[in-house]
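Participant: See coords09.txt below, with compact mmCIF, C-alpha atoms.
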```txt
# COMPACT_ATOMS: atom_id res chain seq x y z
CA MET A 1 0.00 0.00 0.00
CA LYS A 2 2.77 2.44 0.99
CA TYR A 3 4.47 1.91 -2.40
CA VAL A 4 1.25 2.99 -4.10
CA ARG A 5 0.47 5.86 -1.73
CA GLY A 6 3.63 7.94 -2.43
CA PRO A 7 3.44 7.91 -6.25
CA GLY A 8 -0.35 8.24 -6.02
CA ILE A 9 -0.07 11.46 -4.03
CA LEU A 10 2.62 12.75 -6.40
CA LEU A 11 0.39 12.02 -9.40
CA PHE A 12 -2.52 13.76 -7.72
CA TRP A 13 -0.53 17.01 -7.28
CA ILE A 14 0.87 16.80 -10.82
CA GLY A 15 -2.77 16.50 -11.92
CA VAL A 16 -3.66 19.63 -9.92
CA TRP A 17 -0.72 21.45 -11.56
CA TRP A 18 -1.92 20.32 -15.00
CA LEU A 19 -5.46 21.55 -14.35
CA LEU A 20 -4.15 24.87 -13.08
CA ALA A 21 -1.98 25.28 -16.20
CA LEU A 22 -4.99 24.46 -18.37
CA ALA A 23 -7.15 26.94 -16.47
CA VAL A 24 -4.59 29.75 -16.81
CA GLY A 25 -3.93 28.79 -20.40
CA LYS A 26 -0.64 30.71 -20.77
CA ASP A 27 2.64 28.79 -20.73
CA VAL A 28 4.54 31.92 -19.93
CA LEU A 29 2.71 32.08 -16.58
CA ILE A 30 2.21 28.41 -15.67
CA PRO A 31 3.54 25.81 -18.09
CA GLY A 32 2.04 22.33 -17.85
CA PRO A 33 4.01 19.39 -16.44
CA ASP A 34 4.42 17.89 -19.93
CA ARG A 35 6.23 20.97 -21.27
CA VAL A 36 8.38 21.19 -18.12
CA ALA A 37 9.26 17.50 -18.51
CA VAL A 38 10.33 18.09 -22.12
CA LYS A 39 12.45 21.08 -21.03
CA LEU A 40 13.98 18.99 -18.27
CA ALA A 41 14.85 16.25 -20.74
CA GLU A 42 16.51 18.89 -22.95
CA LEU A 43 18.53 20.22 -20.03
CA LEU A 44 19.79 16.72 -19.25
CA THR A 45 21.45 16.57 -22.65
CA VAL A 46 23.44 19.79 -22.16
CA PRO A 47 26.94 19.25 -20.66
CA ASP A 48 26.84 22.62 -18.84
CA PHE A 49 23.81 21.41 -16.91
CA TYR A 50 25.96 18.90 -15.05
CA LYS A 51 28.71 21.44 -14.51
CA SER A 52 26.20 23.90 -13.03
CA VAL A 53 24.58 21.29 -10.81
CA GLY A 54 27.93 19.88 -9.70
CA LEU A 55 29.41 23.25 -8.81
CA SER A 56 26.24 24.34 -6.97
CA ILE A 57 26.28 21.15 -4.92
CA ALA A 58 29.99 21.60 -4.21
CA ARG A 59 29.59 25.21 -3.09
CA ILE A 60 26.59 24.55 -0.88
CA LEU A 61 28.02 21.38 0.68
CA LEU A 62 31.25 23.24 1.38
CA GLY A 63 29.38 25.93 3.31
CA PHE A 64 27.14 23.36 4.99
CA SER A 65 30.04 21.14 6.10
CA ALA A 66 32.15 24.02 7.38
CA ALA A 67 29.17 25.42 9.29
CA THR A 68 28.27 22.02 10.74
CA LEU A 69 31.79 21.56 12.05
CA ALA A 70 32.15 25.13 13.31
CA GLY A 71 28.63 25.12 14.78
CA ALA A 72 29.27 21.90 16.69
CA VAL A 73 32.56 23.18 18.12
CA LEU A 74 31.08 26.58 19.04
CA GLY A 75 27.98 24.90 20.51
CA VAL A 76 30.13 22.82 22.86
CA LEU A 77 32.31 25.83 23.73
CA CYS A 78 29.30 28.04 24.48
CA ALA A 79 27.72 25.37 26.66
CA LYS A 80 30.91 24.83 28.62
CA VAL A 81 32.61 28.24 28.78
CA ARG A 82 30.40 31.01 30.10
CA TRP A 83 32.34 33.96 28.70
CA VAL A 84 32.48 32.43 25.23
CA ASP A 85 28.71 32.02 25.40
CA MET A 86 28.27 35.63 26.55
CA PHE A 87 30.28 36.89 23.57
CA LEU A 88 29.09 34.56 20.83
CA SER A 89 25.43 33.78 21.53
CA PRO A 90 24.13 37.33 20.87
CA LEU A 91 26.13 37.48 17.62
CA LEU A 92 24.76 34.14 16.45
CA SER A 93 21.22 35.20 17.40
CA VAL A 94 21.65 38.30 15.21
CA ILE A 95 22.92 36.15 12.31
CA LYS A 96 19.94 33.84 12.76
CA ALA A 97 17.46 36.75 12.66
CA THR A 98 19.05 38.59 9.72
CA PRO A 99 17.28 38.06 6.36
CA VAL A 100 19.36 36.02 3.94
CA ALA A 101 18.99 38.72 1.24
CA SER A 102 20.74 41.27 3.51
CA PHE A 103 23.71 38.98 3.87
CA ILE A 104 23.86 38.27 0.15
CA ILE A 105 23.76 41.92 -0.85
CA LEU A 106 26.32 42.86 1.79
CA ALA A 107 28.57 39.94 0.89
CA LEU A 108 28.42 40.74 -2.83
CA VAL A 109 30.84 43.60 -2.37
CA LEU A 110 33.13 41.72 -0.03
CA ILE A 111 33.36 38.12 -1.24
CA ASN A 112 34.22 36.53 -4.57
CA LYS A 113 30.96 35.52 -6.27
CA GLU A 114 32.23 32.00 -6.90
CA ILE A 115 32.37 31.25 -3.18
CA LEU A 116 29.66 33.61 -1.95
CA PRO A 117 26.93 30.90 -2.01
CA ALA A 118 29.14 28.76 0.23
CA ALA A 119 29.57 31.67 2.64
CA ILE A 120 25.81 32.32 2.70
CA SER A 121 25.03 28.63 3.34
CA PHE A 122 27.63 28.74 6.11
CA LEU A 123 25.96 31.73 7.75
CA MET A 124 22.51 30.15 7.56
CA VAL A 125 23.59 26.80 8.99
CA LEU A 126 26.03 27.96 11.67
CA PRO A 127 23.55 29.42 14.22
CA VAL A 128 21.15 26.48 13.92
CA ILE A 129 23.81 23.81 14.51
CA HIS A 130 25.39 25.92 17.24
CA GLY A 131 22.03 26.36 19.01
CA ASN A 132 21.11 22.69 18.81
CA VAL A 133 24.49 21.40 19.98
CA ARG A 134 24.63 23.97 22.78
CA GLN A 135 21.20 22.92 23.97
CA GLY A 136 22.14 19.24 23.75
CA VAL A 137 25.25 19.76 25.89
CA LEU A 138 23.33 21.88 28.42
CA GLU A 139 20.61 19.27 28.71
CA THR A 140 23.02 16.38 29.19
CA ASP A 141 22.05 14.62 32.39
CA GLY A 142 24.20 16.10 35.16
CA LYS A 143 23.51 13.11 37.37
CA LEU A 144 25.00 10.75 34.80
CA LEU A 145 28.03 13.02 34.53
CA GLU A 146 28.40 12.99 38.31
CA MET A 147 28.12 9.19 38.33
CA MET A 148 30.80 8.81 35.64
CA ARG A 149 33.18 11.15 37.43
CA PHE A 150 32.55 9.37 40.72
CA PHE A 151 33.49 6.03 39.17
CA GLY A 152 36.63 7.56 37.67
CA ALA A 153 35.59 7.51 34.00
CA SER A 154 38.19 8.94 31.64
CA ARG A 155 37.51 12.10 29.62
CA LYS A 156 37.32 9.96 26.52
CA ASP A 157 34.65 7.74 28.10
CA ILE A 158 32.68 10.77 29.30
CA LEU A 159 32.79 12.19 25.79
CA THR A 160 31.98 9.00 23.88
CA LYS A 161 29.59 7.29 26.29
CA LEU A 162 27.74 10.29 27.72
CA TYR A 163 28.03 13.48 25.67
CA VAL A 164 28.08 12.06 22.13
CA PRO A 165 24.95 9.87 22.56
CA GLN A 166 23.08 12.61 24.43
CA VAL A 167 23.97 15.46 22.07
CA PHE A 168 23.71 13.45 18.85
CA PRO A 169 19.89 13.66 18.48
CA TYR A 170 20.06 17.46 18.83
CA PHE A 171 22.88 17.60 16.27
CA LEU A 172 21.00 15.32 13.89
CA SER A 173 17.84 17.39 14.14
CA GLY A 174 19.92 20.50 13.32
CA VAL A 175 21.53 18.78 10.33
CA ARG A 176 18.13 17.72 9.03
CA THR A 177 16.74 21.25 9.33
CA CYS A 178 19.81 22.84 7.80
CA LEU A 179 20.17 20.69 4.70
CA GLY A 180 17.16 22.29 3.05
CA LEU A 181 18.03 25.69 4.51
CA ALA A 182 21.60 25.60 3.14
CA TRP A 183 20.36 24.55 -0.27
CA LYS A 184 17.69 27.25 -0.48
CA ALA A 185 19.97 30.02 0.84
CA GLY A 186 22.81 28.91 -1.43
CA VAL A 187 20.64 28.96 -4.55
CA ALA A 188 19.21 32.35 -3.53
CA ALA A 189 22.78 33.63 -3.25
CA GLU A 190 23.57 32.21 -6.69
CA VAL A 191 20.54 33.99 -8.14
CA LEU A 192 21.79 37.32 -6.82
CA CYS A 193 25.50 36.93 -7.54
CA TYR A 194 25.25 34.62 -10.61
CA PRO A 195 28.51 32.72 -10.68
CA LYS A 196 29.45 31.40 -14.14
CA TYR A 197 28.18 27.87 -13.61
CA SER A 198 25.40 27.41 -11.07
CA VAL A 199 21.80 26.37 -10.66
CA GLY A 200 20.92 29.85 -9.38
CA THR A 201 22.40 31.57 -12.43
CA ASN A 202 20.27 29.39 -14.70
CA LEU A 203 17.23 30.18 -12.61
CA TYR A 204 17.99 33.91 -12.92
CA GLN A 205 18.48 33.70 -16.68
CA SER A 206 15.19 31.81 -17.04
CA LYS A 207 13.46 34.66 -15.24
CA VAL A 208 15.20 37.39 -17.27
CA TYR A 209 14.33 35.76 -20.62
CA LEU A 210 10.82 34.82 -19.45
CA GLU A 211 11.55 31.13 -20.02
CA THR A 212 9.01 29.90 -17.48
CA GLU A 213 9.36 26.27 -18.61
CA SER A 214 13.08 26.48 -17.93
CA LEU A 215 12.38 28.19 -14.58
CA PHE A 216 10.08 25.33 -13.58
CA ALA A 217 12.53 22.71 -14.86
CA TRP A 218 15.40 24.19 -12.82
CA THR A 219 13.10 24.39 -9.79
CA VAL A 220 12.35 20.68 -10.17
CA VAL A 221 16.11 20.05 -10.37
CA ILE A 222 16.65 22.01 -7.14
CA ILE A 223 13.90 20.08 -5.32
CA VAL A 224 15.18 16.70 -6.52
CA ILE A 225 18.81 17.46 -5.64
CA SER A 226 17.78 18.74 -2.20
CA MET A 227 15.78 15.56 -1.52
CA VAL A 228 18.52 13.27 -2.85
CA ILE A 229 21.24 14.96 -0.79
CA GLU A 230 19.09 14.78 2.33
CA LYS A 231 18.39 11.08 1.76
CA ILE A 232 22.07 10.28 1.10
CA LEU A 233 23.27 12.22 4.13
CA MET A 234 20.64 10.72 6.42
CA ARG A 235 21.47 7.21 5.17
CA LEU A 236 25.16 7.87 5.81
CA ILE A 237 24.43 9.07 9.34
CA GLU A 238 22.14 6.09 10.03
CA TYR A 239 24.82 3.76 8.68
CA ALA A 240 27.46 5.39 10.89
CA VAL A 241 25.20 5.09 13.96
CA ALA A 242 24.39 1.42 13.21
CA ARG A 243 28.05 0.63 12.58
CA ARG A 244 29.06 2.30 15.83
CA ARG A 245 26.49 0.26 17.73
CA GLU A 246 27.69 -2.91 16.01
CA VAL A 247 31.33 -2.20 16.92
CA LYS A 248 30.32 -1.38 20.47
CA SER A 249 28.39 -4.63 20.92
CA ARG A 250 31.37 -6.60 19.59
CA ASP A 251 33.76 -4.96 22.12
CA MET B 252 37.45 5.24 59.57
CA ILE B 253 35.42 8.34 58.79
CA GLU B 254 35.44 11.25 61.18
CA CYS B 255 32.79 13.88 60.70
CA THR B 256 33.45 16.93 62.84
CA ASN B 257 31.11 19.87 63.35
CA LEU B 258 29.37 19.44 60.00
CA SER B 259 26.94 22.19 59.08
CA LYS B 260 24.96 22.33 55.91
CA ARG B 261 22.08 24.47 54.74
CA PHE B 262 20.01 24.80 51.60
CA GLY B 263 19.01 28.46 51.49
CA ASP B 264 17.28 29.17 54.78
CA LYS B 265 16.80 25.52 55.63
CA VAL B 266 19.37 24.12 58.03
CA ILE B 267 20.11 20.47 57.23
CA LEU B 268 23.01 19.78 59.56
CA SER B 269 24.24 21.96 62.38
CA GLY B 270 27.51 21.11 64.11
CA TRP B 271 26.98 17.41 63.50
CA SER B 272 29.80 15.08 64.54
CA HIS B 273 30.18 11.36 64.30
CA THR B 274 32.89 8.75 63.82
CA PHE B 275 32.16 5.79 61.56
CA PRO B 276 34.11 2.55 62.04
CA GLU B 277 36.54 1.04 59.49
CA THR B 278 34.30 -1.89 58.71
CA GLY B 279 30.69 -2.85 59.27
CA ILE B 280 27.31 -1.68 58.15
CA VAL B 281 25.92 1.63 59.35
CA ALA B 282 22.40 2.72 58.51
CA VAL B 283 21.79 6.47 58.47
CA THR B 284 18.15 6.97 59.40
CA GLY B 285 15.80 9.80 60.16
CA PRO B 286 12.73 11.57 58.84
CA SER B 287 12.59 12.79 55.26
CA GLY B 288 14.45 16.03 54.58
CA ARG B 289 16.83 15.59 57.50
CA GLY B 290 19.88 15.32 55.27
CA LYS B 291 20.58 11.61 55.00
CA THR B 292 21.33 11.72 51.28
CA THR B 293 23.15 15.03 51.73
CA LEU B 294 25.40 13.49 54.38
CA LEU B 295 26.23 10.54 52.13
CA ARG B 296 26.99 12.90 49.24
CA MET B 297 29.27 14.96 51.48
CA ILE B 298 31.15 11.85 52.56
CA ALA B 299 31.38 10.72 48.92
CA GLY B 300 32.91 14.08 48.02
CA LEU B 301 30.03 14.94 45.70
CA ASP B 302 28.86 17.86 47.84
CA LYS B 303 31.69 20.07 49.01
CA ASP B 304 29.62 23.07 50.00
CA TYR B 305 29.52 22.60 53.78
CA GLU B 306 31.22 23.70 56.97
CA GLY B 307 33.15 21.38 59.22
CA GLN B 308 35.48 18.55 58.40
CA ILE B 309 35.23 15.03 57.05
CA ARG B 310 38.35 12.92 57.44
CA LEU B 311 38.55 9.65 55.61
CA SER B 312 41.37 7.51 56.93
CA GLY B 313 42.06 4.12 55.42
CA VAL B 314 39.53 4.77 52.67
CA GLY B 315 41.44 4.32 49.43
CA SER B 316 38.50 3.71 47.21
CA MET B 317 34.75 4.08 47.43
CA SER B 318 31.77 2.92 45.46
CA MET B 319 28.15 3.96 45.47
CA VAL B 320 24.58 3.05 44.69
CA PHE B 321 22.94 6.39 43.94
CA GLN B 322 19.35 7.16 44.88
CA GLU B 323 18.56 7.01 41.14
CA ASN B 324 19.88 4.22 38.95
CA ARG B 325 21.96 6.53 36.74
CA LEU B 326 22.54 3.96 34.00
CA LEU B 327 23.95 5.10 30.67
CA PRO B 328 21.06 4.55 28.24
CA THR B 329 23.20 3.69 25.21
CA LEU B 330 25.19 0.99 27.02
CA THR B 331 24.04 -2.54 27.79
CA ALA B 332 23.73 -3.85 31.34
CA LEU B 333 27.20 -5.40 31.11
CA GLN B 334 28.72 -2.29 29.53
CA ASN B 335 27.28 -0.21 32.37
CA VAL B 336 28.97 -2.38 34.98
CA ASP B 337 32.11 -3.31 33.08
CA PRO B 338 34.00 0.01 33.10
CA VAL B 339 33.65 0.22 36.86
CA SER B 340 34.97 -3.27 37.61
CA LYS B 341 37.55 -3.07 34.77
CA ASP B 342 37.15 -6.84 34.75
CA THR B 343 34.49 -8.31 32.46
CA GLY B 344 34.55 -11.62 34.33
CA LYS B 345 33.70 -9.93 37.60
CA ALA B 346 31.01 -7.77 36.05
CA GLU B 347 29.38 -10.82 34.47
CA LYS B 348 29.62 -12.76 37.70
CA ILE B 349 27.86 -10.19 39.83
CA LEU B 350 25.17 -9.52 37.21
CA SER B 351 24.54 -13.27 36.99
CA ARG B 352 24.38 -13.52 40.78
CA LEU B 353 21.66 -10.87 40.68
CA GLY B 354 19.67 -12.88 38.13
CA LEU B 355 20.66 -10.88 35.07
CA ALA B 356 22.71 -13.54 33.25
CA ASP B 357 20.31 -13.49 30.32
CA ASP B 358 20.21 -9.70 30.18
CA LEU B 359 23.88 -8.81 29.92
CA GLY B 360 23.34 -7.39 26.45
CA THR B 361 20.07 -5.64 27.24
CA TYR B 362 19.86 -1.85 27.22
CA PRO B 363 18.44 -0.02 30.28
CA GLY B 364 15.40 1.12 28.32
CA GLU B 365 14.39 -2.53 27.89
CA LEU B 366 14.85 -3.45 31.57
CA SER B 367 12.19 -3.24 34.28
CA GLY B 368 12.62 -0.86 37.22
CA GLY B 369 13.78 -3.69 39.49
CA MET B 370 16.27 -4.96 36.90
CA LYS B 371 17.72 -1.49 36.44
CA ARG B 372 18.17 -1.23 40.18
CA ARG B 373 20.02 -4.54 40.17
CA VAL B 374 22.36 -3.28 37.44
CA ALA B 375 23.04 -0.12 39.48
CA PHE B 376 23.70 -2.33 42.50
CA ALA B 377 25.98 -4.63 40.48
CA ARG B 378 27.94 -1.60 39.21
CA ALA B 379 28.67 -0.51 42.78
CA PHE B 380 29.70 -3.94 44.01
CA ALA B 381 31.70 -4.92 40.92
CA LYS B 382 34.37 -2.68 42.38
CA ASP B 383 36.48 -3.59 45.39
CA ALA B 384 36.14 -0.62 47.70
CA ASP B 385 36.94 0.35 51.25
CA LEU B 386 33.71 2.28 51.52
CA TYR B 387 30.34 1.50 49.93
CA ILE B 388 27.72 4.21 50.02
CA LEU B 389 24.19 2.99 49.37
CA ASP B 390 21.37 5.48 49.03
CA GLU B 391 18.09 3.59 49.29
CA PRO B 392 19.52 0.63 47.38
CA PHE B 393 16.57 -1.75 47.78
CA VAL B 394 13.93 0.44 46.18
CA SER B 395 11.79 -1.40 43.60
CA VAL B 396 13.45 -4.80 43.99
CA ASP B 397 11.43 -7.93 44.73
CA GLU B 398 11.85 -9.92 47.94
CA ASP B 399 13.96 -12.73 46.41
CA THR B 400 16.37 -10.28 44.85
CA LYS B 401 16.49 -8.29 48.04
CA LYS B 402 17.74 -11.35 49.94
CA GLU B 403 20.62 -11.64 47.46
CA LEU B 404 21.35 -7.92 47.74
CA LEU B 405 21.34 -8.13 51.55
CA ASP B 406 23.84 -11.02 51.34
CA ILE B 407 26.14 -8.95 49.12
CA VAL B 408 25.91 -6.02 51.54
CA ARG B 409 26.71 -8.31 54.48
CA GLU B 410 29.75 -9.72 52.67
CA ALA B 411 30.96 -6.21 51.86
CA GLY B 412 30.40 -5.09 55.45
CA ALA B 413 32.69 -7.85 56.72
CA LYS B 414 35.77 -6.27 55.13
CA SER B 415 34.72 -2.70 54.30
CA LEU B 416 32.48 0.01 55.64
CA VAL B 417 28.97 0.17 54.21
CA LEU B 418 26.97 3.36 54.76
CA LEU B 419 23.34 2.91 53.97
CA VAL B 420 20.21 5.03 53.81
CA THR B 421 16.98 3.08 53.98
CA HIS B 422 13.48 3.70 55.26
CA ASP B 423 12.87 0.01 55.87
CA GLU B 424 13.43 -0.93 59.52
CA GLN B 425 13.41 -4.61 58.59
CA ASP B 426 16.41 -4.14 56.29
CA ILE B 427 18.39 -2.55 59.11
CA THR B 428 17.49 -5.41 61.42
CA ASP B 429 18.26 -8.07 58.81
CA LEU B 430 21.66 -6.52 58.12
CA GLY B 431 22.46 -6.13 61.80
CA ALA B 432 23.42 -2.58 61.01
CA GLU B 433 24.52 0.08 63.43
CA ARG B 434 22.06 2.93 63.33
CA VAL B 435 22.82 6.63 63.17
CA LEU B 436 19.79 8.83 63.52
CA LEU B 437 19.68 12.26 61.94
CA THR B 438 17.15 14.39 63.74
CA ASP B 439 16.30 18.04 63.91
CA PRO B 440 19.51 20.03 63.34
CA GLU B 441 18.93 21.94 66.56
CA ASP B 442 19.44 18.64 68.45
CA THR B 443 22.83 17.10 68.79
CA SER B 444 22.99 13.95 66.72
CA ARG B 445 22.19 10.77 68.54
CA LYS B 446 23.74 7.45 67.90
CA GLU B 447 21.33 4.72 68.81
CA GLY B 448 23.81 1.89 68.64
CA LYS B 449 23.62 -1.52 67.12
CA THR B 450 20.26 -3.07 66.61
CA ASP B 451 21.50 -6.63 66.88
```
What does the file become when written as structure tokens?

Facilitator:
Amino acid sequence: MKYVRGPGILLFWIGVWWLLALAVGKDVLIPGPDRVAVKLAELLTVPDFYKSVGLSIARILLGFSAATLAGAVLGVLCAKVRWVDMFLSPLLSVIKATPVASFIILALVLINKEILPAAISFLMVLPVIHGNVRQGVLETDGKLLEMMRFFGASRKDILTKLYVPQVFPYFLSGVRTCLGLAWKAGVAAEVLCYPKYSVGTNLYQSKVYLETESLFAWTVVIIVISMVIEKILMRLIEYAVARRREVKSRD
Amino acid sequence: MIECTNLSKRFGDKVILSGWSHTFPETGIVAVTGPSGRGKTTLLRMIAGLDKDYEGQIRLSGVGSMSMVFQENRLLPTLTALQNVDPVSKDTGKAEKILSRLGLADDLGTYPGELSGGMKRRVAFARAFAKDADLYILDEPFVSVDEDTKKELLDIVREAGAKSLVLLVTHDEQDITDLGAERVLLTDPEDTSRKEGKTD
């Protein structure tokens, strides 16, 4: 049943899109799914398509990875060192509240447009990962920590057997939230700074030349890539967790 | 031997201990008793070095190592029963032996989330006694265990008390009698502490 339900729901919404396109009756406003599919098939035959997609993924994953690492380190530091928290938390709250467009426009004059999308993804992801990890560390059971210290557990044991398992769900939830966020912010940055090869640049050009079919086709590409990356990353994390548990039970 | 001299402890306005003094022997079982909120757990935590915010002095002589059953089980949720006990004993054989003695031979690989309340308590108990210690501190150790298990736990406490000091908080008079424990009563802090002596 579940194998039927997913495609069934997808078909339903494609049907709604089709009806809407028919009702509007102008491809320049809402092209039908058939025309978008044809455009998509055309795009797949152009070598630059893969270059644009590949470079967009690379830029956004670079920003995402750097922010995940930095956010995790800063989250732990802020939870453990009061003065670091006092200095950094307000700054990260401001970054979190600032509209992504403000950052992009500001960064346009300061940063090379080829790496600007990475920087924007970094700024969007950093406060979320930092906040989640910080909260995870702060909410780690103090009584368990006291017990481990009482029984003379090493720092390594405290880290691997207490902190990592307790903070990991918070970290994972942050990663899940940020994958989509990084992708959307990165593409938005590409639209505004149009690097030579990027998904965002193609989206921008579609808009400028009123190629709505192309705009829709690139949007489909963005959605599919976002979903695929999320699935791959989540699978990798699940695999790592399962492997860790397997190793632990063998010890 | 543990010498507590002029111990005073307060939580905000509430005085828990006021100039309390007592000397605990090197070996044996001593039950710290008294009404709720009189500082039994606090006293044990002070002796264990977990609460250092007090006035007075606690001198531990001949106590090289200590072990403890906390009021809560405090088991690491991502470790199995054996893995929870193992790091403390640093000897898998010993950890397995004590868990088996407490009826958990079939649950060595079970995670705390899959154990009943009584089983978790047994794991916490096993963790404390998997370690050779000069002082065992037990804060309400028999909570939520069935009668058969309790007999086994009492035996383990008796064995430990023969060569080490066991400090125990329990509300069950029968446990104190069964263990033949010396009793130390914590009363109102305005009173001087009273030692009621051995019950056996």

Participant: In Å to one decimal, how far is CA of Leu172 (chain A) from CA of Thr361 (chain B)?

Facilitator: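 Separating CA of Thr361 (chain B) from CA of Leu172 (chain A) is a distance of 24.9 Å.
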
Participant: Distance cut-off 9 Å, counting all atoms listed in the file - which residues of chain B neighbour chain A? Return them as a PyMOL selection string.

Facilitator: chain B and resi 299-301+317-319+321+323+325-331+334+338-339+360+379

Participant: Need the shell around Val28 (chain A): protein/DNA/RNA residues with any atom at most 9 Å away, counting only C-alpha atoms. Skip same-chain ones fewer than 5 positions apart. Format as an MDAnalysis selection string?

Facilitator: chainID A and resid 210:213

Participant: Considering all atoms listed in the file, return as a list in words whatever protein or nucleic-acid residues lie within 9 Å of Val408 (chain B), sequence-local ones (same chain, fewer than 6 positions apart) excluded.

Facilitator: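 Those residues are Ile280, Phe380, Tyr387, Val417 and Leu430 of chain B.
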
Participant: Please indicate the distance in Å from CA of Lys303 (chain B) to CA of Ile427 (chain B), rounded to one decimal place.

Facilitator: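 So the answer is 28.1 Å.
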
Participant: Any chance you could model N, CA and C atoms for region 357-377 of chain B and send them as an mmCIF file, in the coordinates of the input?

Facilitator:
```cif
data_model
loop_
_atom_site.group_PDB
_atom_site.id
_atom_site.type_symbol
_atom_site.label_atom_id
_atom_site.label_comp_id
_atom_site.auth_asym_id
_atom_site.auth_seq_id
_atom_site.Cartn_x
_atom_site.Cartn_y
_atom_site.Cartn_z
ATOM 1 N N ASP B 357 20.879 -13.509 31.674
ATOM 2 C CA ASP B 357 20.310 -13.490 30.320
ATOM 3 C C ASP B 357 20.128 -12.068 29.776
ATOM 4 N N ASP B 358 20.457 -11.089 30.590
ATOM 5 C CA ASP B 358 20.210 -9.700 30.180
ATOM 6 C C ASP B 358 21.482 -8.872 30.099
ATOM 7 N N LEU B 359 22.615 -9.546 29.954
ATOM 8 C CA LEU B 359 23.880 -8.810 29.920
ATOM 9 C C LEU B 359 23.921 -7.820 28.754
ATOM 10 N N GLY B 360 23.305 -8.224 27.648
ATOM 11 C CA GLY B 360 23.340 -7.390 26.450
ATOM 12 C C GLY B 360 22.112 -6.515 26.288
ATOM 13 N N THR B 361 21.311 -6.428 27.339
ATOM 14 C CA THR B 361 20.070 -5.640 27.240
ATOM 15 C C THR B 361 20.335 -4.182 27.641
ATOM 16 N N TYR B 362 19.687 -3.283 26.934
ATOM 17 C CA TYR B 362 19.860 -1.850 27.220
ATOM 18 C C TYR B 362 18.901 -1.444 28.352
ATOM 19 N N PRO B 363 19.274 -0.433 29.142
ATOM 20 C CA PRO B 363 18.440 -0.020 30.280
ATOM 21 C C PRO B 363 16.976 0.247 29.917
ATOM 22 N N GLY B 364 16.762 0.810 28.735
ATOM 23 C CA GLY B 364 15.400 1.120 28.320
ATOM 24 C C GLY B 364 14.518 -0.115 28.173
ATOM 25 N N GLU B 365 15.157 -1.277 28.049
ATOM 26 C CA GLU B 365 14.390 -2.530 27.890
ATOM 27 C C GLU B 365 14.309 -3.304 29.199
ATOM 28 N N LEU B 366 14.887 -2.753 30.276
ATOM 29 C CA LEU B 366 14.850 -3.450 31.570
ATOM 30 C C LEU B 366 13.735 -2.876 32.445
ATOM 31 N N SER B 367 13.207 -3.725 33.334
ATOM 32 C CA SER B 367 12.190 -3.240 34.280
ATOM 33 C C SER B 367 12.872 -2.400 35.350
ATOM 34 N N GLY B 368 12.066 -1.713 36.160
ATOM 35 C CA GLY B 368 12.620 -0.860 37.220
ATOM 36 C C GLY B 368 13.497 -1.656 38.179
ATOM 37 N N GLY B 369 13.023 -2.840 38.555
ATOM 38 C CA GLY B 369 13.780 -3.690 39.490
ATOM 39 C C GLY B 369 15.101 -4.154 38.873
ATOM 40 N N MET B 370 15.044 -4.492 37.585
ATOM 41 C CA MET B 370 16.270 -4.960 36.900
ATOM 42 C C MET B 370 17.291 -3.839 36.803
ATOM 43 N N LYS B 371 16.803 -2.632 36.520
ATOM 44 C CA LYS B 371 17.720 -1.490 36.440
ATOM 45 C C LYS B 371 18.401 -1.270 37.793
ATOM 46 N N ARG B 372 17.600 -1.428 38.847
ATOM 47 C CA ARG B 372 18.170 -1.230 40.180
ATOM 48 C C ARG B 372 19.272 -2.251 40.450
ATOM 49 N N ARG B 373 19.024 -3.487 39.979
ATOM 50 C CA ARG B 373 20.020 -4.540 40.170
ATOM 51 C C ARG B 373 21.312 -4.219 39.415
ATOM 52 N N VAL B 374 21.164 -3.641 38.220
ATOM 53 C CA VAL B 374 22.360 -3.280 37.440
ATOM 54 C C VAL B 374 23.134 -2.182 38.194
ATOM 55 N N ALA B 375 22.389 -1.208 38.731
ATOM 56 C CA ALA B 375 23.040 -0.120 39.480
ATOM 57 C C ALA B 375 23.759 -0.698 40.703
ATOM 58 N N PHE B 376 23.127 -1.672 41.325
ATOM 59 C CA PHE B 376 23.700 -2.330 42.500
ATOM 60 C C PHE B 376 24.965 -3.110 42.093
ATOM 61 N N ALA B 377 24.842 -3.840 40.975
ATOM 62 C CA ALA B 377 25.980 -4.630 40.480
ATOM 63 C C ALA B 377 27.164 -3.717 40.156
#
```
